[in-house]
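> Handing over query.txt, compact mmCIF, C-alpha atoms and all ligand atoms.
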```
# COMPACT_ATOMS: atom_id res chain seq x y z
CA MET H 1 97.91 59.93 85.53
CA ARG H 2 99.12 63.49 86.03
CA ILE H 3 101.19 64.56 83.01
CA ALA H 4 103.44 67.57 83.49
CA ARG H 5 105.70 69.42 81.10
CA PHE H 6 108.85 70.68 82.72
CA SER H 7 112.39 71.85 82.26
CA ILE H 8 115.48 70.66 84.05
CA ASP H 9 119.05 71.69 83.25
CA GLY H 10 117.86 73.39 80.07
CA ASN H 11 116.03 70.32 78.75
CA VAL H 12 112.27 70.17 78.28
CA ALA H 13 110.30 66.95 78.70
CA PHE H 14 106.97 65.53 79.71
CA GLY H 15 106.67 63.35 82.78
CA ALA H 16 104.19 61.55 84.98
CA VAL H 17 103.81 63.12 88.41
CA GLU H 18 103.75 60.45 91.10
CA GLY H 19 103.60 60.39 94.86
CA THR H 20 101.81 62.47 97.42
CA GLU H 21 101.65 66.20 98.05
CA THR H 22 101.34 65.84 101.81
CA VAL H 23 104.96 64.78 102.31
CA PRO H 24 107.81 67.25 101.65
CA ASP H 25 109.52 66.23 98.41
CA GLY H 26 106.85 63.52 98.14
CA LEU H 27 106.19 64.28 94.47
CA VAL H 28 108.46 62.95 91.76
CA ILE H 29 108.32 63.07 87.96
CA ASP H 30 108.88 59.89 85.96
CA ILE H 31 110.19 61.16 82.63
CA ILE H 32 108.13 60.20 79.58
CA LYS H 33 109.91 58.92 76.48
CA GLY H 34 108.42 61.00 73.66
CA VAL H 35 105.18 62.95 73.87
CA PRO H 36 101.91 62.07 75.60
CA PHE H 37 99.78 62.47 72.45
CA ALA H 38 100.61 58.95 71.23
CA ASP H 39 101.48 55.70 72.96
CA PHE H 40 104.33 56.44 75.28
CA GLU H 41 106.48 54.76 77.89
CA LEU H 42 107.71 55.95 81.24
CA SER H 43 111.50 55.93 81.32
CA GLY H 44 111.73 54.98 84.98
CA THR H 45 114.10 57.92 85.47
CA LYS H 46 112.60 59.95 88.29
CA VAL H 47 113.39 63.47 89.46
CA PRO H 48 111.93 65.28 92.47
CA LEU H 49 109.25 67.79 91.45
CA SER H 50 111.03 70.37 93.60
CA LYS H 51 114.08 70.17 91.31
CA VAL H 52 112.25 71.03 88.07
CA ARG H 53 110.49 74.07 86.70
CA LEU H 54 106.93 73.26 85.65
CA LEU H 55 105.97 74.69 82.24
CA PRO H 56 102.54 75.09 80.68
CA PRO H 57 101.45 71.43 80.36
CA VAL H 58 100.90 71.89 76.61
CA LEU H 59 101.81 74.40 73.91
CA PRO H 60 98.44 74.74 72.18
CA SER H 61 98.10 75.87 68.56
CA LYS H 62 95.01 77.65 69.86
CA VAL H 63 92.96 78.03 73.00
CA VAL H 64 89.23 78.09 72.27
CA ALA H 65 87.34 79.62 75.15
CA ILE H 66 83.63 79.77 75.89
CA GLY H 67 81.91 82.87 77.25
CA ARG H 68 78.91 83.01 79.60
CA ASN H 69 78.68 79.27 80.22
CA TYR H 70 77.63 79.58 83.87
CA ALA H 71 74.29 81.36 84.38
CA ALA H 72 75.28 82.98 87.69
CA HIS H 73 78.42 84.45 86.11
CA ALA H 74 76.51 85.81 83.10
CA ALA H 75 74.05 87.41 85.53
CA GLU H 76 76.72 89.01 87.73
CA LEU H 77 77.96 90.99 84.71
CA GLY H 78 74.41 91.82 83.61
CA ASN H 79 74.50 89.49 80.61
CA GLU H 80 72.11 86.90 79.23
CA VAL H 81 73.18 83.31 78.64
CA PRO H 82 73.51 82.92 74.85
CA ASP H 83 71.31 80.39 73.00
CA SER H 84 74.31 78.42 71.80
CA PRO H 85 77.95 78.38 73.00
CA TRP H 86 79.90 81.58 72.34
CA ALA H 87 83.48 80.78 71.42
CA PHE H 88 86.46 83.10 71.24
CA PHE H 89 90.21 82.60 70.94
CA LYS H 90 93.08 83.18 73.27
CA PRO H 91 96.32 83.09 71.27
CA SER H 92 99.16 80.64 71.90
CA THR H 93 101.24 83.61 73.11
CA SER H 94 98.81 84.24 75.99
CA VAL H 95 99.70 80.89 77.61
CA ILE H 96 101.89 80.79 80.72
CA GLY H 97 102.61 78.01 83.19
CA PRO H 98 102.21 77.50 86.91
CA GLY H 99 104.20 80.07 88.87
CA ASP H 100 104.75 82.30 85.85
CA PRO H 101 103.80 85.96 86.33
CA ILE H 102 100.62 87.51 84.97
CA VAL H 103 101.90 90.83 83.62
CA TYR H 104 99.33 93.58 84.17
CA PRO H 105 98.56 95.05 80.72
CA SER H 106 99.38 98.71 80.08
CA PHE H 107 95.99 99.49 78.46
CA SER H 108 93.75 98.29 81.28
CA SER H 109 92.91 99.31 84.82
CA GLU H 110 90.42 96.51 85.50
CA VAL H 111 91.90 93.03 85.17
CA HIS H 112 89.78 90.09 86.40
CA HIS H 113 90.46 86.44 87.24
CA GLU H 114 88.21 83.72 85.76
CA ALA H 115 88.76 80.20 87.11
CA GLU H 116 87.98 77.59 84.44
CA LEU H 117 88.19 73.87 83.76
CA ALA H 118 90.45 73.38 80.71
CA VAL H 119 89.99 70.42 78.38
CA VAL H 120 93.21 69.26 76.68
CA ILE H 121 92.67 67.70 73.26
CA GLY H 122 94.62 64.50 72.57
CA ARG H 123 94.16 63.95 68.85
CA MET H 124 93.41 65.83 65.66
CA CYS H 125 89.66 66.01 65.25
CA ARG H 126 86.81 67.76 63.52
CA GLU H 127 83.06 67.30 63.36
CA VAL H 128 83.24 65.15 66.47
CA PRO H 129 79.95 63.41 67.22
CA ARG H 130 78.78 63.51 70.84
CA GLU H 131 79.54 59.87 71.49
CA ARG H 132 83.14 60.29 70.29
CA VAL H 133 83.99 63.34 72.40
CA LYS H 134 85.53 61.18 75.14
CA ASP H 135 87.99 59.76 72.57
CA VAL H 136 89.49 63.13 71.62
CA ILE H 137 90.18 64.31 75.18
CA LEU H 138 93.63 63.68 76.65
CA GLY H 139 92.75 65.11 80.04
CA TYR H 140 91.97 68.18 82.10
CA THR H 141 93.88 71.00 83.74
CA CYS H 142 93.19 74.30 85.51
CA ALA H 143 93.00 77.59 83.64
CA ASN H 144 92.64 81.24 84.44
CA ASP H 145 90.90 83.20 81.66
CA VAL H 146 92.47 86.48 82.77
CA THR H 147 90.43 89.33 81.31
CA ALA H 148 90.86 93.08 80.91
CA ARG H 149 87.21 93.76 81.78
CA ASP H 150 87.26 97.46 80.85
CA THR H 151 88.71 96.61 77.44
CA GLN H 152 86.17 93.83 76.98
CA ARG H 153 83.36 96.33 77.55
CA ALA H 154 84.93 98.92 75.24
CA GLU H 155 85.78 96.69 72.27
CA LYS H 156 83.44 94.44 70.28
CA GLN H 157 86.07 91.78 69.68
CA TRP H 158 87.82 90.41 72.75
CA ALA H 159 91.21 89.79 71.14
CA ARG H 160 92.99 92.38 73.28
CA ALA H 161 90.81 92.02 76.38
CA LYS H 162 91.36 88.27 76.63
CA GLY H 163 94.40 87.70 74.42
CA PHE H 164 97.16 89.78 75.92
CA ASP H 165 100.46 88.13 76.83
CA SER H 166 100.21 86.07 80.05
CA SER H 167 96.37 86.12 80.07
CA CYS H 168 96.10 82.32 79.91
CA PRO H 169 97.76 80.54 82.86
CA LEU H 170 97.44 76.74 82.47
CA GLY H 171 98.47 73.93 84.79
CA PRO H 172 99.89 72.58 86.97
CA TRP H 173 99.55 69.35 84.97
CA ILE H 174 97.07 67.34 82.86
CA GLU H 175 94.98 64.87 84.81
CA THR H 176 94.15 62.00 82.45
CA GLY H 177 92.27 59.82 84.95
CA LEU H 178 88.91 61.62 84.92
CA ASP H 179 86.15 60.37 82.66
CA LEU H 180 83.56 62.76 81.22
CA ALA H 181 81.08 62.13 84.00
CA ALA H 182 83.68 62.87 86.68
CA ALA H 183 84.97 65.99 84.89
CA SER H 184 81.40 67.24 84.61
CA ASP H 185 80.94 67.53 88.38
CA LEU H 186 84.06 68.93 90.03
CA ALA H 187 84.44 71.71 92.60
CA ILE H 188 86.26 74.73 91.15
CA THR H 189 87.53 77.72 93.11
CA ALA H 190 89.60 80.85 92.74
CA THR H 191 91.36 82.52 95.63
CA VAL H 192 93.22 85.82 95.65
CA ASN H 193 95.86 86.17 98.38
CA GLY H 194 94.18 83.21 100.07
CA GLU H 195 90.71 84.80 100.08
CA LEU H 196 87.97 82.78 98.39
CA ARG H 197 86.56 84.65 95.39
CA GLN H 198 84.95 82.01 93.16
CA ALA H 199 83.41 78.70 94.17
CA GLY H 200 81.33 76.60 91.83
CA ARG H 201 80.95 73.19 90.30
CA THR H 202 81.54 72.18 86.69
CA SER H 203 78.03 70.67 86.79
CA GLU H 204 76.72 74.27 86.64
CA MET H 205 77.87 74.70 83.03
CA VAL H 206 75.02 75.69 80.71
CA ASN H 207 76.58 73.69 77.88
CA GLY H 208 78.53 70.66 79.06
CA ILE H 209 81.92 69.47 77.84
CA GLU H 210 80.43 67.27 75.09
CA ASP H 211 78.22 70.11 73.80
CA LEU H 212 81.22 72.44 73.66
CA ILE H 213 83.48 70.05 71.74
CA VAL H 214 80.67 69.24 69.28
CA SER H 215 79.98 72.94 68.72
CA ILE H 216 83.63 73.97 68.31
CA THR H 217 84.54 71.10 65.98
CA GLU H 218 81.55 71.82 63.74
CA ALA H 219 83.58 74.87 62.77
CA MET H 220 87.26 74.00 63.13
CA THR H 221 89.82 71.27 63.44
CA LEU H 222 91.33 70.81 66.88
CA LEU H 223 94.93 69.63 67.09
CA PRO H 224 96.70 67.58 69.77
CA GLY H 225 97.49 69.95 72.61
CA ASP H 226 94.75 72.43 71.79
CA VAL H 227 92.85 73.61 74.84
CA VAL H 228 89.17 74.37 75.39
CA LEU H 229 88.26 76.69 78.27
CA THR H 230 84.77 75.87 79.50
CA GLY H 231 83.65 79.12 81.13
CA THR H 232 83.83 80.52 84.62
CA PRO H 233 81.50 80.33 87.62
CA ALA H 234 80.29 83.42 89.45
CA GLY H 235 82.57 85.54 91.62
CA VAL H 236 84.95 87.08 89.10
CA GLY H 237 86.75 90.14 90.42
CA PRO H 238 89.78 92.36 90.23
CA LEU H 239 93.43 91.38 90.27
CA ASN H 240 95.99 93.95 91.30
CA VAL H 241 99.76 94.09 91.00
CA GLY H 242 101.23 91.98 93.82
CA ASP H 243 98.23 89.67 94.11
CA GLU H 244 98.61 85.90 94.08
CA VAL H 245 95.72 84.14 92.34
CA ALA H 246 95.11 80.40 92.66
CA VAL H 247 92.68 78.28 90.66
CA SER H 248 91.92 74.90 92.23
CA ILE H 249 89.90 72.09 90.72
CA GLU H 250 88.95 68.98 92.65
CA GLY H 251 90.85 65.93 91.43
CA ILE H 252 93.25 67.98 89.32
CA GLY H 253 95.32 70.40 91.40
CA THR H 254 96.07 74.09 91.96
CA LEU H 255 97.38 76.66 89.49
CA THR H 256 99.03 79.64 91.19
CA ASN H 257 100.28 82.84 89.55
CA LYS H 258 101.38 86.22 90.80
CA VAL H 259 100.41 89.52 89.16
CA ILE H 260 103.34 91.80 88.39
CA LYS H 261 103.81 95.27 86.96
CA ARG H 262 105.03 95.54 83.40
CA GLY H 263 108.82 95.98 83.61
MG MG R 301 86.12 82.97 80.67
```
Re-express the file's structure as structure tokens.
Ligand code: MG


Amino acid sequence: MRIARFSIDGNVAFGAVEGTETVPDGLVIDIIKGVPFADFELSGTKVPLSKVRLLPPVLPSKVVAIGRNYAAHAAELGNEVPDSPWAFFKPSTSVIGPGDPIVYPSFSSEVHHEAELAVVIGRMCREVPRERVKDVILGYTCANDVTARDTQRAEKQWARAKGFDSSCPLGPWIETGLDLAAASDLAITATVNGELRQAGRTSEMVNGIEDLIVSITEAMTLLPGDVVLTGTPAGVGPLNVGDEVAVSIEGIGTLTNKVIKRG
């Protein structure tokens, strides 16, 4: 099931996206009664996807992201792969939805895209053993770990470089139908203005999804709606004002955002 969060006529709701993308107006949203983090029912009330505004599919209390989790990406920036997963935070205020603008930060002149598989947590959890990881995952979505690369090089902590407003596009929806094995071998790409920049597979992760959840929850509690970004494949590169960046993941969908100048 593809679970979207959306607004229509000033109301916000979750819904299941049904239908096919190949037909105009072929996608509809069946509105969910309640929230998708517990047992829920579909209302049967359906609205065309074209009539709603998609929002970030969750409002996470925190986004925990992993650095240097694809060897080819670590190498392209002249870095070693760390011995164990390197986690950092992107704040809740960095999250934007599909179609929302990435606002170029005033303090940077080198902003990069990073296409990433995002894991959406479905239940409160800590100290999750490997065999239970599948039980705490609601589903998967696309993410762009937008990074002020010059700031990242200049500052030891990455809070500004990777935490500025609009630096965490998520969406377009949460795919709940992928099991761990399927999510661990998906094609992932980033394009800028239609030109292919990044192309990899989630199977290239140094530490897989289970390893990451085990490592993160050794240290902290994850809440329903929290998001784990799993690292980016090689091919990161600059975004400029006016660019349109799209992250696509096989079996999930495409997350598109435009870069705008600060107003
Ligand atoms: Mg990243």

> Counting only C-alpha atoms and all ligand atoms, which residues of chain H sit at most 10 Å from some atom of ligand MG 301 (chain R), and what is each one's closest atom pair with its distance in Å to one decimal, listed by chain and rising residue number, as a Markdown table?


```
| residue | atom | partner | partner_atom | distance |
| --- | --- | --- | --- | --- |
| H:Ala65 | CA | R:MG301 | MG | 6.6 |
| H:Ile66 | CA | R:MG301 | MG | 6.3 |
| H:Gly67 | CA | R:MG301 | MG | 5.4 |
| H:Arg68 | CA | R:MG301 | MG | 7.3 |
| H:Asn69 | CA | R:MG301 | MG | 8.3 |
| H:Tyr70 | CA | R:MG301 | MG | 9.7 |
| H:His73 | CA | R:MG301 | MG | 9.5 |
| H:Ala87 | CA | R:MG301 | MG | 9.9 |
| H:Phe88 | CA | R:MG301 | MG | 9.4 |
| H:His112 | CA | R:MG301 | MG | 9.8 |
| H:His113 | CA | R:MG301 | MG | 8.6 |
| H:Glu114 | CA | R:MG301 | MG | 5.6 |
| H:Ala115 | CA | R:MG301 | MG | 7.5 |
| H:Glu116 | CA | R:MG301 | MG | 6.8 |
| H:Leu117 | CA | R:MG301 | MG | 9.8 |
| H:Ala143 | CA | R:MG301 | MG | 9.2 |
| H:Asn144 | CA | R:MG301 | MG | 7.7 |
| H:Asp145 | CA | R:MG301 | MG | 4.9 |
| H:Val146 | CA | R:MG301 | MG | 7.6 |
| H:Thr147 | CA | R:MG301 | MG | 7.7 |
| H:Lys162 | CA | R:MG301 | MG | 8.5 |
| H:Leu229 | CA | R:MG301 | MG | 7.1 |
| H:Thr230 | CA | R:MG301 | MG | 7.3 |
| H:Gly231 | CA | R:MG301 | MG | 4.6 |
| H:Thr232 | CA | R:MG301 | MG | 5.2 |
| H:Pro233 | CA | R:MG301 | MG | 8.8 |
| H:Val236 | CA | R:MG301 | MG | 9.5 |
```

> For the selection just defined, write its residues with C-alpha atoms to a file, as an mmCIF file, in the coordinates of the input.


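And here's selection-v5.cif as it stands now:
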```cif
data_model
loop_
_atom_site.group_PDB
_atom_site.id
_atom_site.type_symbol
_atom_site.label_atom_id
_atom_site.label_comp_id
_atom_site.auth_asym_id
_atom_site.auth_seq_id
_atom_site.Cartn_x
_atom_site.Cartn_y
_atom_site.Cartn_z
ATOM 1 C CA ALA H 65 87.340 79.620 75.150
ATOM 2 C CA ILE H 66 83.630 79.770 75.890
ATOM 3 C CA GLY H 67 81.910 82.870 77.250
ATOM 4 C CA ARG H 68 78.910 83.010 79.600
ATOM 5 C CA ASN H 69 78.680 79.270 80.220
ATOM 6 C CA TYR H 70 77.630 79.580 83.870
ATOM 7 C CA HIS H 73 78.420 84.450 86.110
ATOM 8 C CA ALA H 87 83.480 80.780 71.420
ATOM 9 C CA PHE H 88 86.460 83.100 71.240
ATOM 10 C CA HIS H 112 89.780 90.090 86.400
ATOM 11 C CA HIS H 113 90.460 86.440 87.240
ATOM 12 C CA GLU H 114 88.210 83.720 85.760
ATOM 13 C CA ALA H 115 88.760 80.200 87.110
ATOM 14 C CA GLU H 116 87.980 77.590 84.440
ATOM 15 C CA LEU H 117 88.190 73.870 83.760
ATOM 16 C CA ALA H 143 93.000 77.590 83.640
ATOM 17 C CA ASN H 144 92.640 81.240 84.440
ATOM 18 C CA ASP H 145 90.900 83.200 81.660
ATOM 19 C CA VAL H 146 92.470 86.480 82.770
ATOM 20 C CA THR H 147 90.430 89.330 81.310
ATOM 21 C CA LYS H 162 91.360 88.270 76.630
ATOM 22 C CA LEU H 229 88.260 76.690 78.270
ATOM 23 C CA THR H 230 84.770 75.870 79.500
ATOM 24 C CA GLY H 231 83.650 79.120 81.130
ATOM 25 C CA THR H 232 83.830 80.520 84.620
ATOM 26 C CA PRO H 233 81.500 80.330 87.620
ATOM 27 C CA VAL H 236 84.950 87.080 89.100
#
```

> From the options H:Asp185, H:Asp179, H:Asp30, H:Asp165, which residue's atoms come nearest to H:Val95, counting all atoms listed in the file?

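Nearest candidate to H:Val95 out of H:Asp185, H:Asp179, H:Asp30, H:Asp165: H:Asp165.
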
> Which residues are near H:Pro36? Cut-off 9 Å, only C-alpha atoms, ignore same chain within fewer than 4 positions. Put them as a PDB file with C-alpha atoms, keeping the file's coordinate frame.


```pdb
ATOM      1  CA  ILE H   3     101.190  64.560  83.010  1.00  0.00           C
ATOM      2  CA  PHE H  14     106.970  65.530  79.710  1.00  0.00           C
ATOM      3  CA  GLY H  15     106.670  63.350  82.780  1.00  0.00           C
ATOM      4  CA  ILE H  32     108.130  60.200  79.580  1.00  0.00           C
ATOM      5  CA  PHE H  40     104.330  56.440  75.280  1.00  0.00           C
ATOM      6  CA  GLU H  41     106.480  54.760  77.890  1.00  0.00           C
ATOM      7  CA  GLY H 122      94.620  64.500  72.570  1.00  0.00           C
ATOM      8  CA  LEU H 138      93.630  63.680  76.650  1.00  0.00           C
TER       9      LEU H 138
END
```

> Tell me which protein, DNA and RNA residues are within 8 Å of H:Val58, counting only C-alpha atoms, leaving out same-chain ones fewer than 6 positions away, and put them as a list in words.

Arg5, Gly225 and Asp226 of chain H

> Under the rule that only C-alpha atoms are counted, which of H:Thr141, H:Thr45, H:Ser248, H:Thr22 is the nearest residue to H:Val227?

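Looking at the shortest contact to H:Val227, the residue is H:Thr141.
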
> Between atom CA of H:Pro101 and atom CA of H:Ser166, what distance in Å does the model show, to one decimal?

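These atoms are spaced 7.2 Å apart.
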
> If you count only C-alpha atoms, which residues fall within 7 Å of stretch 173-175 of chain H, apart from same-chain ones fewer than 6 positions away, as a PDB file with C-alpha atoms, keeping the file's coordinate frame?


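File selection-v1.pdb, as written:
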```pdb
ATOM      1  CA  MET H   1      97.910  59.930  85.530  1.00  0.00           C
ATOM      2  CA  ARG H   2      99.120  63.490  86.030  1.00  0.00           C
ATOM      3  CA  ILE H   3     101.190  64.560  83.010  1.00  0.00           C
ATOM      4  CA  ALA H   4     103.440  67.570  83.490  1.00  0.00           C
ATOM      5  CA  PRO H  57     101.450  71.430  80.360  1.00  0.00           C
ATOM      6  CA  GLY H 139      92.750  65.110  80.040  1.00  0.00           C
ATOM      7  CA  TYR H 140      91.970  68.180  82.100  1.00  0.00           C
ATOM      8  CA  THR H 141      93.880  71.000  83.740  1.00  0.00           C
ATOM      9  CA  ILE H 252      93.250  67.980  89.320  1.00  0.00           C
TER      10      ILE H 252
END
```

> Need the neighbours of (92.8, 72.1, 70.2): which residues are at most 7 Å away, counting all atoms listed in the file, as a list in words?

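Residues found, by chain and rising number: Pro60, Ser61, Lys62, Val63, Ile121, Leu222, Leu223, Pro224, Gly225, Asp226, Val227 and Val228 of chain H.
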
> Using all atoms listed in the file, pick whichever of H:Pro172, H:Glu18, H:Leu42, H:Val64 has the shortest atom-to-atom distance to H:Phe6.

H:Pro172

> Nearest to H:Val119 among H:Pro48, H:Gly200, H:Gly97, H:Gly171, with distances taken over only C-alpha atoms: which residue is it?

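Closest to H:Val119 of all the choices is H:Gly171.
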
> Quote the spacing between atom CA of H:Cys142 and atom CA of H:Ser106 in Å to one decimal place.

25.8 Å

> Just checking: using only C-alpha atoms, which residue out of H:Thr93, H:Thr254, H:Ser108, H:Ser50 ends up closest to H:Arg153?

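Answer, going by the shortest atom-to-atom distance: H:Ser108.
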
> Could stretch 41-64 of chain H be completed with N, CA, C and O atoms and written as a PDB file, in the coordinates of the input, please?


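Once written, part_12.pdb looks like this:
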```
ATOM      1  N   GLU H  41     105.993  55.554  76.763  1.00  0.00           N
ATOM      2  CA  GLU H  41     106.480  54.760  77.890  1.00  0.00           C
ATOM      3  C   GLU H  41     107.070  55.682  78.931  1.00  0.00           C
ATOM      4  O   GLU H  41     107.627  56.727  78.600  1.00  0.00           O
ATOM      5  N   LEU H  42     106.992  55.260  80.173  1.00  0.00           N
ATOM      6  CA  LEU H  42     107.710  55.950  81.240  1.00  0.00           C
ATOM      7  C   LEU H  42     109.139  55.423  81.242  1.00  0.00           C
ATOM      8  O   LEU H  42     109.371  54.225  81.080  1.00  0.00           O
ATOM      9  N   SER H  43     110.092  56.345  81.395  1.00  0.00           N
ATOM     10  CA  SER H  43     111.500  55.930  81.320  1.00  0.00           C
ATOM     11  C   SER H  43     111.963  55.234  82.597  1.00  0.00           C
ATOM     12  O   SER H  43     112.954  54.508  82.586  1.00  0.00           O
ATOM     13  N   GLY H  44     111.248  55.492  83.701  1.00  0.00           N
ATOM     14  CA  GLY H  44     111.730  54.980  84.980  1.00  0.00           C
ATOM     15  C   GLY H  44     112.742  55.895  85.644  1.00  0.00           C
ATOM     16  O   GLY H  44     113.103  55.708  86.801  1.00  0.00           O
ATOM     17  N   THR H  45     113.205  56.914  84.892  1.00  0.00           N
ATOM     18  CA  THR H  45     114.100  57.920  85.470  1.00  0.00           C
ATOM     19  C   THR H  45     113.243  58.955  86.189  1.00  0.00           C
ATOM     20  O   THR H  45     112.405  59.599  85.572  1.00  0.00           O
ATOM     21  N   LYS H  46     113.465  59.088  87.499  1.00  0.00           N
ATOM     22  CA  LYS H  46     112.600  59.950  88.290  1.00  0.00           C
ATOM     23  C   LYS H  46     113.388  61.112  88.883  1.00  0.00           C
ATOM     24  O   LYS H  46     114.508  60.923  89.350  1.00  0.00           O
ATOM     25  N   VAL H  47     112.772  62.295  88.839  1.00  0.00           N
ATOM     26  CA  VAL H  47     113.390  63.470  89.460  1.00  0.00           C
ATOM     27  C   VAL H  47     112.383  64.089  90.416  1.00  0.00           C
ATOM     28  O   VAL H  47     111.176  64.064  90.154  1.00  0.00           O
ATOM     29  N   PRO H  48     112.866  64.638  91.538  1.00  0.00           N
ATOM     30  CA  PRO H  48     111.930  65.280  92.470  1.00  0.00           C
ATOM     31  C   PRO H  48     111.263  66.488  91.795  1.00  0.00           C
ATOM     32  O   PRO H  48     111.932  67.234  91.072  1.00  0.00           O
ATOM     33  N   LEU H  49     109.979  66.654  92.036  1.00  0.00           N
ATOM     34  CA  LEU H  49     109.250  67.790  91.450  1.00  0.00           C
ATOM     35  C   LEU H  49     109.886  69.121  91.869  1.00  0.00           C
ATOM     36  O   LEU H  49     109.901  70.090  91.113  1.00  0.00           O
ATOM     37  N   SER H  50     110.435  69.141  93.084  1.00  0.00           N
ATOM     38  CA  SER H  50     111.030  70.370  93.600  1.00  0.00           C
ATOM     39  C   SER H  50     112.282  70.785  92.829  1.00  0.00           C
ATOM     40  O   SER H  50     112.742  71.917  92.948  1.00  0.00           O
ATOM     41  N   LYS H  51     112.841  69.871  92.037  1.00  0.00           N
ATOM     42  CA  LYS H  51     114.080  70.170  91.310  1.00  0.00           C
ATOM     43  C   LYS H  51     113.828  70.640  89.874  1.00  0.00           C
ATOM     44  O   LYS H  51     114.765  70.934  89.145  1.00  0.00           O
ATOM     45  N   VAL H  52     112.549  70.657  89.449  1.00  0.00           N
ATOM     46  CA  VAL H  52     112.250  71.030  88.070  1.00  0.00           C
ATOM     47  C   VAL H  52     111.446  72.325  88.058  1.00  0.00           C
ATOM     48  O   VAL H  52     110.893  72.741  89.074  1.00  0.00           O
ATOM     49  N   ARG H  53     111.385  72.933  86.884  1.00  0.00           N
ATOM     50  CA  ARG H  53     110.490  74.070  86.700  1.00  0.00           C
ATOM     51  C   ARG H  53     109.310  73.584  85.853  1.00  0.00           C
ATOM     52  O   ARG H  53     109.498  73.105  84.737  1.00  0.00           O
ATOM     53  N   LEU H  54     108.108  73.665  86.421  1.00  0.00           N
ATOM     54  CA  LEU H  54     106.930  73.260  85.650  1.00  0.00           C
ATOM     55  C   LEU H  54     106.651  74.309  84.573  1.00  0.00           C
ATOM     56  O   LEU H  54     106.746  75.515  84.820  1.00  0.00           O
ATOM     57  N   LEU H  55     106.306  73.829  83.384  1.00  0.00           N
ATOM     58  CA  LEU H  55     105.970  74.690  82.240  1.00  0.00           C
ATOM     59  C   LEU H  55     104.475  74.536  81.973  1.00  0.00           C
ATOM     60  O   LEU H  55     103.836  73.642  82.538  1.00  0.00           O
ATOM     61  N   PRO H  56     103.926  75.380  81.076  1.00  0.00           N
ATOM     62  CA  PRO H  56     102.540  75.090  80.680  1.00  0.00           C
ATOM     63  C   PRO H  56     102.469  73.637  80.231  1.00  0.00           C
ATOM     64  O   PRO H  56     103.371  73.173  79.516  1.00  0.00           O
ATOM     65  N   PRO H  57     101.446  72.875  80.642  1.00  0.00           N
ATOM     66  CA  PRO H  57     101.450  71.430  80.360  1.00  0.00           C
ATOM     67  C   PRO H  57     101.347  71.099  78.876  1.00  0.00           C
ATOM     68  O   PRO H  57     101.669  69.981  78.480  1.00  0.00           O
ATOM     69  N   VAL H  58     100.899  72.046  78.072  1.00  0.00           N
ATOM     70  CA  VAL H  58     100.900  71.890  76.610  1.00  0.00           C
ATOM     71  C   VAL H  58     101.230  73.244  75.988  1.00  0.00           C
ATOM     72  O   VAL H  58     101.094  74.285  76.625  1.00  0.00           O
ATOM     73  N   LEU H  59     101.648  73.189  74.719  1.00  0.00           N
ATOM     74  CA  LEU H  59     101.810  74.400  73.910  1.00  0.00           C
ATOM     75  C   LEU H  59     100.726  74.344  72.838  1.00  0.00           C
ATOM     76  O   LEU H  59     100.932  73.775  71.771  1.00  0.00           O
ATOM     77  N   PRO H  60      99.551  74.893  73.119  1.00  0.00           N
ATOM     78  CA  PRO H  60      98.440  74.740  72.180  1.00  0.00           C
ATOM     79  C   PRO H  60      98.638  75.571  70.910  1.00  0.00           C
ATOM     80  O   PRO H  60      99.225  76.656  70.953  1.00  0.00           O
ATOM     81  N   SER H  61      98.131  75.038  69.765  1.00  0.00           N
ATOM     82  CA  SER H  61      98.100  75.870  68.560  1.00  0.00           C
ATOM     83  C   SER H  61      97.059  76.956  68.735  1.00  0.00           C
ATOM     84  O   SER H  61      97.160  78.033  68.170  1.00  0.00           O
ATOM     85  N   LYS H  62      96.047  76.660  69.530  1.00  0.00           N
ATOM     86  CA  LYS H  62      95.010  77.650  69.860  1.00  0.00           C
ATOM     87  C   LYS H  62      94.308  77.245  71.147  1.00  0.00           C
ATOM     88  O   LYS H  62      94.229  76.051  71.476  1.00  0.00           O
ATOM     89  N   VAL H  63      93.830  78.249  71.848  1.00  0.00           N
ATOM     90  CA  VAL H  63      92.960  78.030  73.000  1.00  0.00           C
ATOM     91  C   VAL H  63      91.588  78.558  72.585  1.00  0.00           C
ATOM     92  O   VAL H  63      91.458  79.732  72.224  1.00  0.00           O
ATOM     93  N   VAL H  64      90.596  77.671  72.578  1.00  0.00           N
ATOM     94  CA  VAL H  64      89.230  78.090  72.270  1.00  0.00           C
ATOM     95  C   VAL H  64      88.492  78.201  73.587  1.00  0.00           C
ATOM     96  O   VAL H  64      88.430  77.231  74.354  1.00  0.00           O
TER      97      VAL H  64
END
```
